[in-house]
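S.K.: To be precise about what I am sending: the file is called structure.pdb and holds PDB, C-alpha atoms.
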```
ATOM      1  CA  MET A   1      -7.699 -64.516 -42.867  1.00  0.00           C
ATOM      2  CA  LEU A   2      -5.430 -66.819 -40.931  1.00  0.00           C
ATOM      3  CA  SER A   3      -6.381 -68.240 -37.550  1.00  0.00           C
ATOM      4  CA  GLN A   4      -3.991 -67.895 -34.613  1.00  0.00           C
ATOM      5  CA  PRO A   5      -2.905 -71.570 -34.810  1.00  0.00           C
ATOM      6  CA  GLN A   6      -2.090 -71.074 -38.501  1.00  0.00           C
ATOM      7  CA  LYS A   7      -0.096 -67.933 -37.727  1.00  0.00           C
ATOM      8  CA  ASP A   8       1.780 -69.732 -34.943  1.00  0.00           C
ATOM      9  CA  LEU A   9       2.551 -72.648 -37.240  1.00  0.00           C
ATOM     10  CA  LEU A  10       3.828 -70.384 -40.008  1.00  0.00           C
ATOM     11  CA  ALA A  11       5.890 -68.354 -37.540  1.00  0.00           C
ATOM     12  CA  GLY A  12       7.547 -71.498 -36.207  1.00  0.00           C
ATOM     13  CA  ARG A  13       5.981 -71.173 -32.739  1.00  0.00           C
ATOM     14  CA  ARG A  14       4.179 -74.492 -33.264  1.00  0.00           C
ATOM     15  CA  THR A  15       5.052 -77.676 -35.091  1.00  0.00           C
ATOM     16  CA  THR A  16       2.851 -79.744 -37.352  1.00  0.00           C
ATOM     17  CA  GLN A  17       2.463 -82.157 -34.421  1.00  0.00           C
ATOM     18  CA  ASP A  18       0.882 -79.518 -32.128  1.00  0.00           C
ATOM     19  CA  PRO A  19      -2.556 -78.781 -33.693  1.00  0.00           C
ATOM     20  CA  THR A  20      -5.643 -80.375 -32.159  1.00  0.00           C
ATOM     21  CA  ASP A  21      -9.210 -80.674 -33.448  1.00  0.00           C
ATOM     22  CA  ASP A  22     -10.053 -77.479 -31.544  1.00  0.00           C
ATOM     23  CA  ASP A  23      -7.624 -75.571 -33.772  1.00  0.00           C
ATOM     24  CA  PHE A  24      -9.791 -76.200 -36.833  1.00  0.00           C
ATOM     25  CA  THR A  25     -13.150 -74.758 -37.741  1.00  0.00           C
ATOM     26  CA  PRO A  26     -14.991 -75.320 -41.004  1.00  0.00           C
ATOM     27  CA  SER A  27     -15.179 -72.321 -43.280  1.00  0.00           C
ATOM     28  CA  LEU A  28     -18.223 -72.913 -45.448  1.00  0.00           C
ATOM     29  CA  ARG A  29     -19.204 -70.093 -47.745  1.00  0.00           C
ATOM     30  CA  GLN A  30     -21.722 -69.803 -50.477  1.00  0.00           C
ATOM     31  CA  LYS A  31     -21.112 -66.418 -51.980  1.00  0.00           C
ATOM     32  CA  GLY A  32     -23.048 -65.012 -54.868  1.00  0.00           C
ATOM     33  CA  VAL A  33     -24.654 -68.252 -56.048  1.00  0.00           C
ATOM     34  CA  ASP A  34     -28.176 -66.770 -56.164  1.00  0.00           C
ATOM     35  CA  MET A  35     -26.825 -63.725 -57.990  1.00  0.00           C
ATOM     36  CA  ARG A  36     -25.090 -65.889 -60.589  1.00  0.00           C
ATOM     37  CA  ILE A  37     -28.227 -67.971 -61.163  1.00  0.00           C
ATOM     38  CA  GLY A  38     -30.273 -64.781 -61.466  1.00  0.00           C
ATOM     39  CA  LEU A  39     -27.821 -63.425 -64.040  1.00  0.00           C
ATOM     40  CA  ASP A  40     -27.998 -66.695 -65.978  1.00  0.00           C
ATOM     41  CA  ILE A  41     -31.805 -66.481 -66.016  1.00  0.00           C
ATOM     42  CA  ALA A  42     -31.615 -62.886 -67.264  1.00  0.00           C
ATOM     43  CA  SER A  43     -29.060 -63.757 -69.929  1.00  0.00           C
ATOM     44  CA  ILE A  44     -31.012 -66.790 -71.181  1.00  0.00           C
ATOM     45  CA  THR A  45     -34.176 -64.695 -71.242  1.00  0.00           C
ATOM     46  CA  LEU A  46     -32.738 -61.695 -73.084  1.00  0.00           C
ATOM     47  CA  LYS A  47     -30.904 -63.860 -75.621  1.00  0.00           C
ATOM     48  CA  ARG A  48     -34.135 -65.800 -76.249  1.00  0.00           C
ATOM     49  CA  GLN A  49     -32.289 -69.070 -75.602  1.00  0.00           C
ATOM     50  CA  ALA A  50     -35.255 -70.784 -73.909  1.00  0.00           C
ATOM     51  CA  GLU A  51     -39.016 -70.681 -73.906  1.00  0.00           C
ATOM     52  CA  ILE A  52     -39.306 -72.332 -70.485  1.00  0.00           C
ATOM     53  CA  ILE A  53     -37.097 -72.021 -67.413  1.00  0.00           C
ATOM     54  CA  VAL A  54     -37.439 -74.489 -64.550  1.00  0.00           C
ATOM     55  CA  LEU A  55     -35.877 -73.337 -61.310  1.00  0.00           C
ATOM     56  CA  VAL A  56     -35.370 -75.817 -58.488  1.00  0.00           C
ATOM     57  CA  SER A  57     -35.495 -73.532 -55.460  1.00  0.00           C
ATOM     58  CA  GLY A  58     -37.898 -71.762 -53.181  1.00  0.00           C
ATOM     59  CA  ASP A  59     -35.824 -68.708 -52.441  1.00  0.00           C
ATOM     60  CA  SER A  60     -37.466 -65.305 -52.771  1.00  0.00           C
ATOM     61  CA  ASP A  61     -34.118 -63.929 -53.975  1.00  0.00           C
ATOM     62  CA  PHE A  62     -35.228 -65.136 -57.407  1.00  0.00           C
ATOM     63  CA  VAL A  63     -38.306 -62.888 -57.593  1.00  0.00           C
ATOM     64  CA  PRO A  64     -36.609 -60.266 -59.839  1.00  0.00           C
ATOM     65  CA  ALA A  65     -35.298 -62.934 -62.228  1.00  0.00           C
ATOM     66  CA  ALA A  66     -38.662 -64.737 -62.402  1.00  0.00           C
ATOM     67  CA  LYS A  67     -40.493 -61.449 -62.922  1.00  0.00           C
ATOM     68  CA  MET A  68     -38.158 -60.417 -65.729  1.00  0.00           C
ATOM     69  CA  ALA A  69     -38.376 -63.785 -67.471  1.00  0.00           C
ATOM     70  CA  ARG A  70     -42.178 -63.748 -67.434  1.00  0.00           C
ATOM     71  CA  ARG A  71     -42.289 -60.136 -68.589  1.00  0.00           C
ATOM     72  CA  GLU A  72     -40.134 -61.155 -71.568  1.00  0.00           C
ATOM     73  CA  GLY A  73     -42.451 -64.060 -72.430  1.00  0.00           C
ATOM     74  CA  VAL A  74     -40.519 -66.956 -70.925  1.00  0.00           C
ATOM     75  CA  GLN A  75     -42.586 -69.504 -69.029  1.00  0.00           C
ATOM     76  CA  PHE A  76     -41.203 -69.772 -65.497  1.00  0.00           C
ATOM     77  CA  ILE A  77     -41.788 -73.030 -63.601  1.00  0.00           C
ATOM     78  CA  LEU A  78     -40.713 -73.465 -60.015  1.00  0.00           C
ATOM     79  CA  ASP A  79     -39.879 -76.742 -58.273  1.00  0.00           C
ATOM     80  CA  PRO A  80     -39.374 -75.999 -54.575  1.00  0.00           C
ATOM     81  CA  LEU A  81     -38.775 -79.683 -53.775  1.00  0.00           C
ATOM     82  CA  TRP A  82     -42.057 -79.849 -51.855  1.00  0.00           C
ATOM     83  CA  HIS A  83     -41.230 -76.948 -49.550  1.00  0.00           C
ATOM     84  CA  ASN A  84     -43.421 -73.931 -48.988  1.00  0.00           C
ATOM     85  CA  ILE A  85     -42.509 -70.834 -50.962  1.00  0.00           C
ATOM     86  CA  PRO A  86     -42.897 -67.169 -50.097  1.00  0.00           C
ATOM     87  CA  SER A  87     -46.031 -65.497 -51.488  1.00  0.00           C
ATOM     88  CA  ASP A  88     -43.984 -62.853 -53.320  1.00  0.00           C
ATOM     89  CA  LEU A  89     -42.282 -65.624 -55.299  1.00  0.00           C
ATOM     90  CA  SER A  90     -45.531 -67.450 -56.096  1.00  0.00           C
ATOM     91  CA  GLU A  91     -46.856 -64.251 -57.704  1.00  0.00           C
ATOM     92  CA  HIS A  92     -44.134 -64.365 -60.346  1.00  0.00           C
ATOM     93  CA  ILE A  93     -44.211 -67.965 -61.560  1.00  0.00           C
ATOM     94  CA  ASP A  94     -46.328 -69.696 -64.189  1.00  0.00           C
ATOM     95  CA  ALA A  95     -46.431 -73.109 -62.558  1.00  0.00           C
ATOM     96  CA  LEU A  96     -45.456 -74.880 -59.388  1.00  0.00           C
ATOM     97  CA  GLN A  97     -44.582 -78.524 -59.846  1.00  0.00           C
ATOM     98  CA  SER A  98     -42.053 -81.125 -58.869  1.00  0.00           C
ATOM     99  CA  GLY A  99     -40.282 -83.724 -60.918  1.00  0.00           C
ATOM    100  CA  PHE A 100     -39.686 -85.779 -57.802  1.00  0.00           C
ATOM    101  CA  SER A 101     -41.971 -87.879 -55.610  1.00  0.00           C
ATOM    102  CA  ARG A 102     -43.084 -86.289 -52.370  1.00  0.00           C
ATOM    103  CA  PRO A 103     -40.820 -87.517 -49.552  1.00  0.00           C
ATOM    104  CA  LYS A 104     -42.550 -89.522 -46.842  1.00  0.00           C
ATOM    105  CA  SER A 105     -41.272 -87.158 -44.144  1.00  0.00           C
ATOM    106  CA  LEU A 106     -43.248 -84.271 -45.714  1.00  0.00           C
ATOM    107  CA  THR A 107     -46.609 -86.032 -46.029  1.00  0.00           C
TER     108      THR A 107
END
```
Would you mind writing the file out in structure tokens?
M.R.:
Amino acid sequence: MLSQPQKDLLAGRRTTQDPTDDDFTPSLRQKGVDMRIGLDIASITLKRQAEIIVLVSGDSDFVPAAKMARREGVQFILDPLWHNIPSDLSEHIDALQSGFSRPKSLT
């Protein structure tokens, strides 16, 4: 969707010299990333392509994927980068560990 300044520019009501910083807003979107990772986990699990999956996250959106992987015999290790994780996620993992040192700000 175009903003009003963009529409005005394209319609010739403004020139390229007219826009100011206020005419711009960041459009940051992260669409479907968790879903794609979940599908990858399911695919890897069902194709028996791994015995262990290590997920670096702490998002409870991954509960169904973790549950499926474990049910199919894949060891599921979670690295939440030293953050707390929801209890429903901790129920469906085999191990909680980090490959990184604990940051000083979290001690």
S.K.: Identify all residues satisfying the PyMOL selection byres ((chain A and resi 53) around 9) in the given file; provide them as a count of residues only.
M.R.: 15
S.K.: With distances taken over all atoms listed in the file, which residue among A:Trp82, A:Arg36, A:Pro64, A:Gly73 lies nearest A:Ser101?
M.R.: A:Trp82
S.K.: As an exercise, work out the distance from atom CA of A:Lys31 to atom CA of A:Ser87 in Å and give it to one decimal place.
M.R.: 24.9 Å
S.K.: Leaving out A:Phe62 and any residue of its chain fewer than 2 positions from it, which residues lie within 9 Å of it when counting all atoms listed in the file, given as JSON, numbers by chain?
M.R.: {"A": [34, 35, 37, 38, 57, 58, 59, 60, 64, 65, 66, 67, 89]}
S.K.: Separation of atom CA of A:Met1 and atom CA of A:Asp61, in Å?
M.R.: 28.7 Å
S.K.: Determine the residue set returned by the PyMOL selection byres ((chain A and resi 4-11) around 12) for the present structure, and present it as a list in words.
M.R.: Met1, Leu2, Ser3, Gly12, Arg13, Arg14, Thr15, Thr16, Gln17, Asp18, Pro19, Thr20, Asp21, Asp22, Asp23, Phe24 and Thr25 of chain A
S.K.: If you measure from atom CA of A:Gln49 to atom CA of A:Asp94, what distance in Å do you get, rounded to one decimal?
M.R.: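 Distance between the two atoms: 18.1 Å.
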S.K.: From the options A:Leu46, A:Ser90, A:Leu96, A:Asn84, which residue's atoms come nearest to A:Glu72, counting all atoms listed in the file?
M.R.: A:Leu46
S.K.: Counting only C-alpha atoms, figure out which residue out of A:Val56, A:Met68, A:Val63, A:Asp88 gets nearest to A:Phe100.
M.R.: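 With only C-alpha atoms as the atom set, the closest residue is A:Val56.
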S.K.: Which is closer to A:Pro103 than all the others in A:Leu39, A:Leu81, A:Leu28, A:Val33, using only C-alpha atoms?
M.R.: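 For A:Pro103, the nearest of the given residues is A:Leu81.
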S.K.: Output as a PDB file, keeping the file's coordinate frame: stretch 67-93 of chain A, completed with N, CA, C and O atoms.
M.R.:
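Saved result, rebuild.pdb, follows:
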```pdb
ATOM      1  N   LYS A  67     -39.652 -62.540 -62.418  1.00  0.00           N
ATOM      2  CA  LYS A  67     -40.493 -61.449 -62.922  1.00  0.00           C
ATOM      3  C   LYS A  67     -40.019 -60.989 -64.300  1.00  0.00           C
ATOM      4  O   LYS A  67     -40.814 -60.799 -65.219  1.00  0.00           O
ATOM      5  N   MET A  68     -38.720 -60.843 -64.446  1.00  0.00           N
ATOM      6  CA  MET A  68     -38.158 -60.417 -65.729  1.00  0.00           C
ATOM      7  C   MET A  68     -38.419 -61.458 -66.812  1.00  0.00           C
ATOM      8  O   MET A  68     -38.820 -61.121 -67.928  1.00  0.00           O
ATOM      9  N   ALA A  69     -38.176 -62.723 -66.484  1.00  0.00           N
ATOM     10  CA  ALA A  69     -38.376 -63.785 -67.471  1.00  0.00           C
ATOM     11  C   ALA A  69     -39.817 -63.803 -67.955  1.00  0.00           C
ATOM     12  O   ALA A  69     -40.073 -63.853 -69.165  1.00  0.00           O
ATOM     13  N   ARG A  70     -40.756 -63.727 -67.046  1.00  0.00           N
ATOM     14  CA  ARG A  70     -42.178 -63.748 -67.434  1.00  0.00           C
ATOM     15  C   ARG A  70     -42.543 -62.513 -68.250  1.00  0.00           C
ATOM     16  O   ARG A  70     -43.298 -62.597 -69.208  1.00  0.00           O
ATOM     17  N   ARG A  71     -42.016 -61.370 -67.852  1.00  0.00           N
ATOM     18  CA  ARG A  71     -42.289 -60.136 -68.589  1.00  0.00           C
ATOM     19  C   ARG A  71     -41.785 -60.229 -70.033  1.00  0.00           C
ATOM     20  O   ARG A  71     -42.369 -59.659 -70.945  1.00  0.00           O
ATOM     21  N   GLU A  72     -40.719 -60.982 -70.233  1.00  0.00           N
ATOM     22  CA  GLU A  72     -40.134 -61.155 -71.568  1.00  0.00           C
ATOM     23  C   GLU A  72     -40.736 -62.343 -72.316  1.00  0.00           C
ATOM     24  O   GLU A  72     -40.266 -62.699 -73.395  1.00  0.00           O
ATOM     25  N   GLY A  73     -41.747 -62.988 -71.734  1.00  0.00           N
ATOM     26  CA  GLY A  73     -42.451 -64.060 -72.430  1.00  0.00           C
ATOM     27  C   GLY A  73     -41.938 -65.461 -72.185  1.00  0.00           C
ATOM     28  O   GLY A  73     -42.355 -66.406 -72.854  1.00  0.00           O
ATOM     29  N   VAL A  74     -41.042 -65.626 -71.249  1.00  0.00           N
ATOM     30  CA  VAL A  74     -40.519 -66.956 -70.925  1.00  0.00           C
ATOM     31  C   VAL A  74     -41.408 -67.562 -69.848  1.00  0.00           C
ATOM     32  O   VAL A  74     -41.745 -66.907 -68.860  1.00  0.00           O
ATOM     33  N   GLN A  75     -41.796 -68.806 -70.039  1.00  0.00           N
ATOM     34  CA  GLN A  75     -42.586 -69.504 -69.029  1.00  0.00           C
ATOM     35  C   GLN A  75     -41.655 -69.886 -67.888  1.00  0.00           C
ATOM     36  O   GLN A  75     -40.594 -70.472 -68.105  1.00  0.00           O
ATOM     37  N   PHE A  76     -42.059 -69.559 -66.660  1.00  0.00           N
ATOM     38  CA  PHE A  76     -41.203 -69.772 -65.497  1.00  0.00           C
ATOM     39  C   PHE A  76     -41.868 -70.772 -64.556  1.00  0.00           C
ATOM     40  O   PHE A  76     -42.909 -70.503 -63.966  1.00  0.00           O
ATOM     41  N   ILE A  77     -41.258 -71.950 -64.437  1.00  0.00           N
ATOM     42  CA  ILE A  77     -41.788 -73.030 -63.601  1.00  0.00           C
ATOM     43  C   ILE A  77     -40.865 -73.199 -62.400  1.00  0.00           C
ATOM     44  O   ILE A  77     -39.645 -73.216 -62.535  1.00  0.00           O
ATOM     45  N   LEU A  78     -41.470 -73.336 -61.251  1.00  0.00           N
ATOM     46  CA  LEU A  78     -40.713 -73.465 -60.015  1.00  0.00           C
ATOM     47  C   LEU A  78     -40.929 -74.845 -59.406  1.00  0.00           C
ATOM     48  O   LEU A  78     -42.057 -75.309 -59.291  1.00  0.00           O
ATOM     49  N   ASP A  79     -39.826 -75.484 -59.021  1.00  0.00           N
ATOM     50  CA  ASP A  79     -39.879 -76.742 -58.273  1.00  0.00           C
ATOM     51  C   ASP A  79     -39.191 -76.502 -56.938  1.00  0.00           C
ATOM     52  O   ASP A  79     -37.970 -76.491 -56.859  1.00  0.00           O
ATOM     53  N   PRO A  80     -39.976 -76.273 -55.880  1.00  0.00           N
ATOM     54  CA  PRO A  80     -39.374 -75.999 -54.575  1.00  0.00           C
ATOM     55  C   PRO A  80     -39.056 -77.258 -53.764  1.00  0.00           C
ATOM     56  O   PRO A  80     -38.844 -77.174 -52.561  1.00  0.00           O
ATOM     57  N   LEU A  81     -39.054 -78.402 -54.438  1.00  0.00           N
ATOM     58  CA  LEU A  81     -38.775 -79.683 -53.775  1.00  0.00           C
ATOM     59  C   LEU A  81     -39.712 -79.901 -52.588  1.00  0.00           C
ATOM     60  O   LEU A  81     -39.308 -80.306 -51.514  1.00  0.00           O
ATOM     61  N   TRP A  82     -40.978 -79.613 -52.803  1.00  0.00           N
ATOM     62  CA  TRP A  82     -42.057 -79.849 -51.855  1.00  0.00           C
ATOM     63  C   TRP A  82     -42.017 -78.955 -50.622  1.00  0.00           C
ATOM     64  O   TRP A  82     -42.692 -79.215 -49.646  1.00  0.00           O
ATOM     65  N   HIS A  83     -41.264 -77.894 -50.661  1.00  0.00           N
ATOM     66  CA  HIS A  83     -41.230 -76.948 -49.550  1.00  0.00           C
ATOM     67  C   HIS A  83     -42.169 -75.790 -49.847  1.00  0.00           C
ATOM     68  O   HIS A  83     -42.480 -75.502 -51.009  1.00  0.00           O
ATOM     69  N   ASN A  84     -42.601 -75.120 -48.806  1.00  0.00           N
ATOM     70  CA  ASN A  84     -43.421 -73.931 -48.988  1.00  0.00           C
ATOM     71  C   ASN A  84     -42.580 -72.814 -49.588  1.00  0.00           C
ATOM     72  O   ASN A  84     -41.378 -72.740 -49.330  1.00  0.00           O
ATOM     73  N   ILE A  85     -43.234 -71.959 -50.363  1.00  0.00           N
ATOM     74  CA  ILE A  85     -42.509 -70.834 -50.962  1.00  0.00           C
ATOM     75  C   ILE A  85     -43.148 -69.527 -50.503  1.00  0.00           C
ATOM     76  O   ILE A  85     -44.340 -69.484 -50.195  1.00  0.00           O
ATOM     77  N   PRO A  86     -42.354 -68.469 -50.486  1.00  0.00           N
ATOM     78  CA  PRO A  86     -42.897 -67.169 -50.097  1.00  0.00           C
ATOM     79  C   PRO A  86     -43.943 -66.688 -51.096  1.00  0.00           C
ATOM     80  O   PRO A  86     -43.842 -66.957 -52.301  1.00  0.00           O
ATOM     81  N   SER A  87     -44.950 -65.964 -50.607  1.00  0.00           N
ATOM     82  CA  SER A  87     -46.031 -65.497 -51.488  1.00  0.00           C
ATOM     83  C   SER A  87     -45.523 -64.565 -52.575  1.00  0.00           C
ATOM     84  O   SER A  87     -46.044 -64.578 -53.695  1.00  0.00           O
ATOM     85  N   ASP A  88     -44.490 -63.763 -52.284  1.00  0.00           N
ATOM     86  CA  ASP A  88     -43.984 -62.853 -53.320  1.00  0.00           C
ATOM     87  C   ASP A  88     -43.350 -63.617 -54.479  1.00  0.00           C
ATOM     88  O   ASP A  88     -43.376 -63.163 -55.619  1.00  0.00           O
ATOM     89  N   LEU A  89     -42.830 -64.806 -54.216  1.00  0.00           N
ATOM     90  CA  LEU A  89     -42.282 -65.624 -55.299  1.00  0.00           C
ATOM     91  C   LEU A  89     -43.410 -66.290 -56.085  1.00  0.00           C
ATOM     92  O   LEU A  89     -43.361 -66.337 -57.317  1.00  0.00           O
ATOM     93  N   SER A  90     -44.431 -66.758 -55.395  1.00  0.00           N
ATOM     94  CA  SER A  90     -45.531 -67.450 -56.096  1.00  0.00           C
ATOM     95  C   SER A  90     -46.266 -66.518 -57.055  1.00  0.00           C
ATOM     96  O   SER A  90     -46.849 -66.971 -58.034  1.00  0.00           O
ATOM     97  N   GLU A  91     -46.222 -65.228 -56.812  1.00  0.00           N
ATOM     98  CA  GLU A  91     -46.856 -64.251 -57.704  1.00  0.00           C
ATOM     99  C   GLU A  91     -46.173 -64.163 -59.059  1.00  0.00           C
ATOM    100  O   GLU A  91     -46.770 -63.709 -60.025  1.00  0.00           O
ATOM    101  N   HIS A  92     -44.920 -64.577 -59.136  1.00  0.00           N
ATOM    102  CA  HIS A  92     -44.134 -64.365 -60.346  1.00  0.00           C
ATOM    103  C   HIS A  92     -43.701 -65.653 -61.033  1.00  0.00           C
ATOM    104  O   HIS A  92     -42.673 -65.693 -61.713  1.00  0.00           O
ATOM    105  N   ILE A  93     -44.490 -66.708 -60.868  1.00  0.00           N
ATOM    106  CA  ILE A  93     -44.211 -67.965 -61.560  1.00  0.00           C
ATOM    107  C   ILE A  93     -45.441 -68.376 -62.359  1.00  0.00           C
ATOM    108  O   ILE A  93     -46.550 -67.941 -62.082  1.00  0.00           O
TER     109      ILE A  93
END
```
